[in-house]
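Worksheet: one structure, shown below.
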Amino acid sequence: MKLLILGNHTCGNRGDSAILRGLLDAINILNPHAEVDVMSRYPVSSSWLLNRR
């Protein structure tokens, strides 16, 4: 399964980051083999917050 998540969170909004992290964790639990891409207006801060490239 391939998923694309579109978002607009920033380093200044921890709530958005927590929601995205929770969503990614839930997807991983339900389907550990899912390929998930996250598109963000601020890709550098998003990848840093999520520890992903």
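Each chain in the structure tokens gets a letter, A, B, ..., in the order shown, and its residues are numbered from 1; ligands are numbered from 1 in order too.
Residues lying within 7 Å of region 1-4 of chain A, counting only C-alpha atoms and ignoring same-chain neighbours fewer than 4 positions away, are Ala34, Glu35, Val36, Asp37 and Val38 of chain A.
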Neighbour list for region 18-31 of chain A as a PyMOL selection string, cut-off 9 Å, only C-alpha atoms, skip fewer than 5 positions in-chain: chain A and resi 1+5+7+9+13+36+49-50
Picked from chain A by DSSP as helix (DSSP H, G or I), as number ranges by chain: A: 14-30, 43-50
Chain A: residues DSSP assigns to strand (DSSP E), reported as a ChimeraX atom specification: /A:2-7,35-40
Test item: residues at most 7 Å from Ser40 (chain A), only C-alpha atoms, excluding those fewer than 2 positions along its chain, as a list of chain:residue names: A:Leu6, A:Gly7, A:Asn8, A:Val38, A:Tyr42, A:Pro43, A:Ser46
